[in-house]
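Enquirer: Here's a structure for you.
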There are 2 protein chains.
Amino acid sequence: MTKNNKTMPSEKNILITGSVAIDNIKTPYGEVNEVLGGSATYSSFAASLFSSVKVVSMVGSDFPADYLKKFTDRKIDISGLKIFEGQTFRWTGLYAENMNEAKTLSVCPENLKDASFNIPSHYKNSDYIFLANTDPDVQSEILERISVSGPVLMDTMNLWINSKPESIKKLLEKIDIMLINETEARLFTGKINLISAAREISKMGPGTVVIKKGEHGALMFMEGDIFSVPAYPVEEVKDPTGAGDSFAGGFTGYLAFCGKKDNYALRRAAVTGAAVASFTVEDFSTKRLESITQADISVRVEKIRQMLKF
Amino acid sequence: MTKNNKTMPSEKNILITGSVAIDNIKTPYGEVNEVLGGSATYSSFAASLFSSVKVVSMVGSDFPADYLKKFTDRKIDISGLKIFEGQTFRWTGLYAENMNEAKTLSVCPENLKDASFNIPSHYKNSDYIFLANTDPDVQSEILERISVSGPVLMDTMNLWINSKPESIKKLLEKIDIMLINETEARLFTGKINLISAAREISKMGPGTVVIKKGEHGALMFMEGDIFSVPAYPVEEVKDPTGAGDSFAGGFTGYLAFCGKKDNYALRRAAVTGAAVASFTVEDFSTKRLESITQADISVRVEKIRQMLKF
């Protein structure tokens with residue numbers, strides 16, 4: 001996506017790993033059951049707006065065929081999506097009035113016993129890798145099996161910060177860009193101040209740390225430099241699920257699309273991520289995200305620009 | 001404050017009313033007792049960096065003379081500061097780890113019995129009025145007694161929202177610019193979404209609504225247009241007391257200084273407010289705020305500009 005909206009397909013490709021799941025979600029705006037979800041789903045849908053995407057993940061044999069088709073309709077390569085005998089991972093979440101944090105009501109199964117992934121040979125050389133939120137040991141294992149030329153990005157969540165902090169720290173040594181939400185950055189580092197938290201994370205490896213703040217946008221820390229992007233204002237947030245994953249997917253997708261990783265490219269990637277996330281929350285599951293184009297995103301990127309002018 | 005730092009004293013003057021108080025504050029960085037505080041104090045100190053300021057408030061006969069001198073040293077007109085026989089209003093507050101919200105441990109006296117203000121005759125014609133946080137009936141009474149040519153601004157807090165919401169609503173009909181913090185905007189309007197909350201407030205009168213979000217900066221809503229300003233990044237927030245009042249004072253001071261009230265002036269005022277507030281929180285009470293100049297603020301305004309470039 002260039003400033004004048006002339007779009008050129010990028011030659012760069014992105015490998016994304018994370019969860020592909022089935023969600024049950026209740027928010028003040030309604031309730032949906034057995035909908036498509038998962039960190040790799042949202043982030044790959046978002047990234048595929050800009051670049052070619054390959055997914056490594058797994059689903060059970062109960063996974064609906066029409067959900068698989070949503071991936072292939074977007075030209076997302078799912079030859080690395082393993083279908084195992086058994087039940088797809090399910091997440092049941094509730095958003096109370098404030099919509100900023102989901103309460104996890106249940107996850108099922110609680111642990112994936114079979115964590116052996118199929119990584120097709122044409123995945124082995126990837127330009128970019130985004131390790132969307134999943135078990136950090138799985139993220140590490142996959143990263144080790146791939147030869148990557150461009151930046152490696154990752155995300156994580158409180159579950160892993162609490163259960164496997166050492167695995168995250170070890171993984172961070174190999175990460176170029178860490179995306180993490182505000183609460184989790186504080187939890188992981190023990191620092192309340194976000195500048196201090198970002199510095200702590202940066203010390204562990206990543207030169208760039210993006211702290212996602214939901215309705216307050218995001219702060220990006222790049223070797224002493226700070227960029228602030230607001231959330232695009234959405235008055236009716238129907239379902240916040242996947243906003244952070246969409247931000248990260250849009251961010252990675254844009255970086256791969258522009259083929260650069262300088263300060264300007266990172267800033268533009270963050271604004272793109274914010275714009276993509278603003279669509280995701282406008283409807284349940286991936287519904288709104290599925291319907292948008294680069295042109296829609298450009299409109300919101302320009303509106304964000306207007307919000308920052310002084 | 002102009003872009004190239006050439007400063008011209010403004011002919012416009014601002015009347016500020018609100019509390020002048022003595023605070024006892026405890027934060028994770030330390031504890032101070034019997035320090036200067038109050039909404040009119042912080043906001044008049046901030047506004048006086050840009051414009052001439054007259055204060056209407058009251059203190060008890062125990063109010064230290066050197067605190068009075070801090071006002072006059074800044075050329076703040078305190079002929080409207082009534083000194084009554086009795087004790088100055090005292091606030092004792094505690095900030096826990098997260099520093100975003102103070103816990104009020106005590107206020108003393110709980111109610112000001114004598115609410116009759118002295119308004120000197122040379123106060124009666126004012127260019128701008130900022131009704132800093134205090135009893136909305138007092139705000140209304142003072143506003144009625146002043147003839148004002150420029151915009152009228154106000155702030156309030158949860159105490160008054162809970163106890164006198166109708167007084168606030170009535171007052172809002174006469175207000176041009178409402179400044180209110182995030183939590184209080186939600187409390188006052190019953191709207192979780194800040195865009196909806198700002199619209200509700202705007203319907204009651206003010207064409208411009210500024211929602212202050214502490215470490216997340218502020219959102220300003222101006223007849224359909226939205227401006228987002230981040231907080232200037234401060235790694236060591238020693239004492240958040242007065243940050244919102246300093247923001248409002250810097251905002252009003254800059255507006256009066258530039259003598260305009262268009263969209264660009266409002267945006268620049270909000271960034272100025274954010275820059276001033278970032279100094280206030282770097283030390284206890286008004287200590288840091290007392291030591292800064294327009295030039296210091298300009299540096300942070302430009303740093304904020306860099307944080308928003310993409």
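Lettering and numbering for the structure tokens are positional, with chains as A, B, ... in the shown order, residues counted from 1 in each chain, and ligands counted from 1 in the shown order.
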Taking only C-alpha atoms into account, report as a list in words which residues of chain A lie within 8 Å of chain B.
Expert: Glu97, Asn98, Ile192, Asn193, Leu194, Ile195, Ser196, His216, Asp225, Ile226, Phe227, Ser228, Val229, Pro230, Pro233, Val234, Glu235, Glu236, Tyr264, Arg267, Arg268, Arg305, Gln306, Met307, Leu308, Lys309 and Phe310 of chain A
Enquirer: Contacts of range 155-158 of chain A at 6 Å or less, counting only C-alpha atoms, minus same-chain residues fewer than 3 places along, as an MDAnalysis selection string?
Expert: chainID A and resid 132:133 161:162 179:180 184
Enquirer: For Gly80 in chain B, find every residue with an atom within 12 Å (counting only C-alpha atoms), except residues of its own chain fewer than 5 positions away, and show them as a PyMOL selection string.
Expert: chain B and resi 15-18+20+40+53-59+116-124+142
Enquirer: With N, CA and C atoms retained, write the just-selected residues as a short mmCIF file (atom, residue, chain, number, x, y, z; two decimals), in the first residue's frame.
Expert:
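Produced file selection-v1.cif, reproduced below:
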data_model
loop_
_atom_site.label_atom_id
_atom_site.label_comp_id
_atom_site.auth_asym_id
_atom_site.auth_seq_id
_atom_site.Cartn_x
_atom_site.Cartn_y
_atom_site.Cartn_z
N LEU B 15 -9.32 34.06 33.95
CA LEU B 15 -9.76 33.91 35.34
C LEU B 15 -9.86 32.41 35.63
N ILE B 16 -9.22 31.98 36.69
CA ILE B 16 -9.28 30.57 37.08
C ILE B 16 -9.86 30.46 38.47
N THR B 17 -10.86 29.61 38.60
CA THR B 17 -11.36 29.31 39.94
C THR B 17 -11.25 27.81 40.18
N GLY B 18 -11.20 27.43 41.43
CA GLY B 18 -11.01 26.03 41.81
C GLY B 18 -10.42 26.02 43.20
N VAL B 20 -7.50 25.88 46.15
CA VAL B 20 -6.10 26.07 46.54
C VAL B 20 -6.01 25.33 47.87
N ALA B 40 -6.93 24.83 41.33
CA ALA B 40 -6.65 26.20 40.85
C ALA B 40 -5.15 26.49 40.92
N VAL B 53 -2.92 35.57 34.62
CA VAL B 53 -3.92 34.74 35.30
C VAL B 53 -4.38 35.43 36.59
N LYS B 54 -5.71 35.39 36.80
CA LYS B 54 -6.30 35.88 38.05
C LYS B 54 -7.00 34.69 38.70
N VAL B 55 -6.82 34.56 40.00
CA VAL B 55 -7.39 33.41 40.69
C VAL B 55 -8.53 33.84 41.62
N VAL B 56 -9.61 33.05 41.60
CA VAL B 56 -10.66 33.17 42.62
C VAL B 56 -10.67 31.87 43.42
N SER B 57 -10.39 31.97 44.70
CA SER B 57 -10.43 30.79 45.55
C SER B 57 -10.37 31.24 46.99
N MET B 58 -10.23 30.29 47.89
CA MET B 58 -10.09 30.70 49.29
C MET B 58 -9.19 29.73 50.04
N VAL B 59 -8.46 30.29 51.00
CA VAL B 59 -7.61 29.46 51.87
C VAL B 59 -7.83 29.92 53.31
N SER B 116 -18.70 32.17 50.26
CA SER B 116 -18.86 33.49 49.65
C SER B 116 -17.49 34.02 49.21
N PHE B 117 -17.37 34.19 47.91
CA PHE B 117 -16.08 34.59 47.34
C PHE B 117 -16.00 36.10 47.20
N ASN B 118 -14.81 36.61 47.27
CA ASN B 118 -14.56 38.01 46.95
C ASN B 118 -14.13 38.08 45.49
N ILE B 119 -14.89 38.77 44.70
CA ILE B 119 -14.48 38.94 43.31
C ILE B 119 -14.17 40.42 43.09
N PRO B 120 -12.88 40.75 42.99
CA PRO B 120 -12.50 42.15 42.82
C PRO B 120 -13.09 42.72 41.53
N SER B 121 -13.30 44.03 41.53
CA SER B 121 -13.97 44.65 40.38
C SER B 121 -13.18 44.47 39.08
N HIS B 122 -11.85 44.46 39.17
CA HIS B 122 -11.07 44.31 37.93
C HIS B 122 -11.10 42.87 37.40
N TYR B 123 -11.75 41.95 38.11
CA TYR B 123 -11.93 40.59 37.63
C TYR B 123 -13.18 40.48 36.74
N LYS B 124 -14.08 41.47 36.88
CA LYS B 124 -15.43 41.30 36.31
C LYS B 124 -15.46 41.15 34.80
N ILE B 142 -19.76 31.69 40.22
CA ILE B 142 -18.67 32.57 39.77
C ILE B 142 -18.84 32.95 38.31
#
Enquirer: Using only C-alpha atoms, which residues sit within 9 Å of Ala256 in chain A once same-chain residues fewer than 3 positions away are excluded, as JSON, numbers by chain?
Expert: {"A": [10, 11, 12, 13, 14, 47, 50, 51, 52, 127, 128, 150, 251, 252, 253, 259, 260, 261]}
Enquirer: Could you write out the selected residues, including N, CA, C and O atoms, as a compact mmCIF listing (two decimals), in the first residue's frame?
Expert:
# COMPACT_ATOMS: atom_id res chain seq x y z
N SER A 10 3.65 -7.97 -3.10
CA SER A 10 4.99 -8.17 -2.58
C SER A 10 5.48 -9.55 -2.96
O SER A 10 4.72 -10.51 -3.03
N GLU A 11 6.76 -9.66 -3.20
CA GLU A 11 7.36 -10.97 -3.45
C GLU A 11 7.66 -11.69 -2.13
O GLU A 11 7.91 -12.88 -2.10
N LYS A 12 7.67 -10.91 -1.05
CA LYS A 12 8.01 -11.47 0.26
C LYS A 12 6.87 -12.33 0.79
O LYS A 12 5.70 -12.01 0.60
N ASN A 13 7.24 -13.42 1.45
CA ASN A 13 6.20 -14.24 2.05
C ASN A 13 6.40 -14.34 3.56
O ASN A 13 7.49 -14.13 4.07
N ILE A 14 5.31 -14.63 4.22
CA ILE A 14 5.33 -14.68 5.69
C ILE A 14 4.87 -16.05 6.16
O ILE A 14 3.84 -16.55 5.70
N ALA A 47 -2.65 -10.32 7.59
CA ALA A 47 -1.40 -10.23 6.81
C ALA A 47 -1.64 -10.50 5.34
O ALA A 47 -1.00 -9.91 4.47
N PHE A 50 -1.91 -8.01 2.47
CA PHE A 50 -0.72 -7.33 1.94
C PHE A 50 0.31 -8.26 1.32
O PHE A 50 1.07 -7.85 0.46
N SER A 51 0.37 -9.50 1.79
CA SER A 51 1.48 -10.38 1.40
C SER A 51 0.99 -11.82 1.31
O SER A 51 -0.10 -12.14 1.77
N SER A 52 1.84 -12.68 0.75
CA SER A 52 1.45 -14.08 0.71
C SER A 52 1.84 -14.72 2.04
O SER A 52 2.90 -14.47 2.60
N ASP A 127 10.60 -15.59 4.19
CA ASP A 127 11.16 -14.24 4.30
C ASP A 127 10.92 -13.64 5.68
O ASP A 127 11.79 -13.03 6.27
N TYR A 128 9.69 -13.80 6.18
CA TYR A 128 9.32 -13.25 7.47
C TYR A 128 8.66 -14.36 8.27
O TYR A 128 8.00 -15.23 7.71
N GLY A 150 14.19 -12.50 6.70
CA GLY A 150 13.75 -11.20 7.21
C GLY A 150 13.51 -11.22 8.70
O GLY A 150 13.91 -12.16 9.39
N PHE A 251 0.46 -5.47 10.75
CA PHE A 251 1.81 -4.93 10.94
C PHE A 251 2.81 -5.75 10.13
O PHE A 251 3.57 -5.21 9.32
N THR A 252 2.80 -7.06 10.31
CA THR A 252 3.75 -7.94 9.63
C THR A 252 3.50 -7.94 8.12
O THR A 252 4.43 -7.88 7.32
N GLY A 253 2.21 -7.99 7.78
CA GLY A 253 1.85 -7.98 6.36
C GLY A 253 2.35 -6.74 5.65
O GLY A 253 2.90 -6.80 4.56
N GLY A 259 8.70 -4.34 2.15
CA GLY A 259 10.05 -4.90 1.99
C GLY A 259 11.15 -4.15 2.74
O GLY A 259 12.33 -4.37 2.49
N LYS A 260 10.75 -3.25 3.63
CA LYS A 260 11.75 -2.48 4.39
C LYS A 260 11.55 -2.71 5.88
O LYS A 260 10.51 -3.20 6.31
N LYS A 261 12.53 -2.33 6.66
CA LYS A 261 12.36 -2.44 8.11
C LYS A 261 12.95 -1.23 8.83
O LYS A 261 13.34 -1.31 10.00
Enquirer: If you run DSSP over the backbone, which residues in range 84-295 of chain A end up strand (DSSP E or B)? Put them as an MDAnalysis selection string.
Expert: chainID A and resid 84 90:95 102:108 125:126 128:131 147:148 152:154 177:181 208:212 218:222 225:229
Enquirer: Would you pick out the contacts of Thr293 in chain A at 12 Å or less, using only C-alpha atoms, so that residues sharing its chain but fewer than 4 positions from it are not included, and give the list as a PyMOL selection string?
Expert: chain A and resi 1+5+7+45-50+74+250+275-276+279+288-289+297-300
Enquirer: From a DSSP pass on the backbone, collect the residues of range 90-292 of chain A flagged as helix (DSSP H, G or I) and hand them back as a ChimeraX atom specification.
Expert: /A:121-123,136-145,158-163,165-172,182-189,194-203,214-216,243-258,263-280,287-290
Enquirer: Please provide the set of residues having any atom within 7 Å of Val107 in chain B, restricted to only C-alpha atoms, with same-chain residues fewer than 6 positions apart removed, written as an NGL selection string.
Expert: :B and (90-92)
Enquirer: Just to confirm, what's the straight-line distance from CA of Thr134 in chain B to CA of Ser19 in chain B in Å (one decimal)?
Expert: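 Between CA of Thr134 in chain B and CA of Ser19 in chain B the gap works out to 6.4 Å.
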Enquirer: Give me, please, the distance in Å between CA of Lys238 in chain B and CA of Gly38 in chain B, quoted to one decimal.
Expert: 17.4 Å
Enquirer: Rounded to one decimal, what separation in Å do you get between CA of Val281 in chain B and CA of Ala243 in chain B?
Expert: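 The value is 6.3 Å.
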Enquirer: Could you pull the residues within 10 Å of Glu200 in chain A, counting only C-alpha atoms, minus those fewer than 5 positions along the same chain, as a PyMOL selection string?
Expert: chain A and resi 185+188-191+194-195+205-206+209
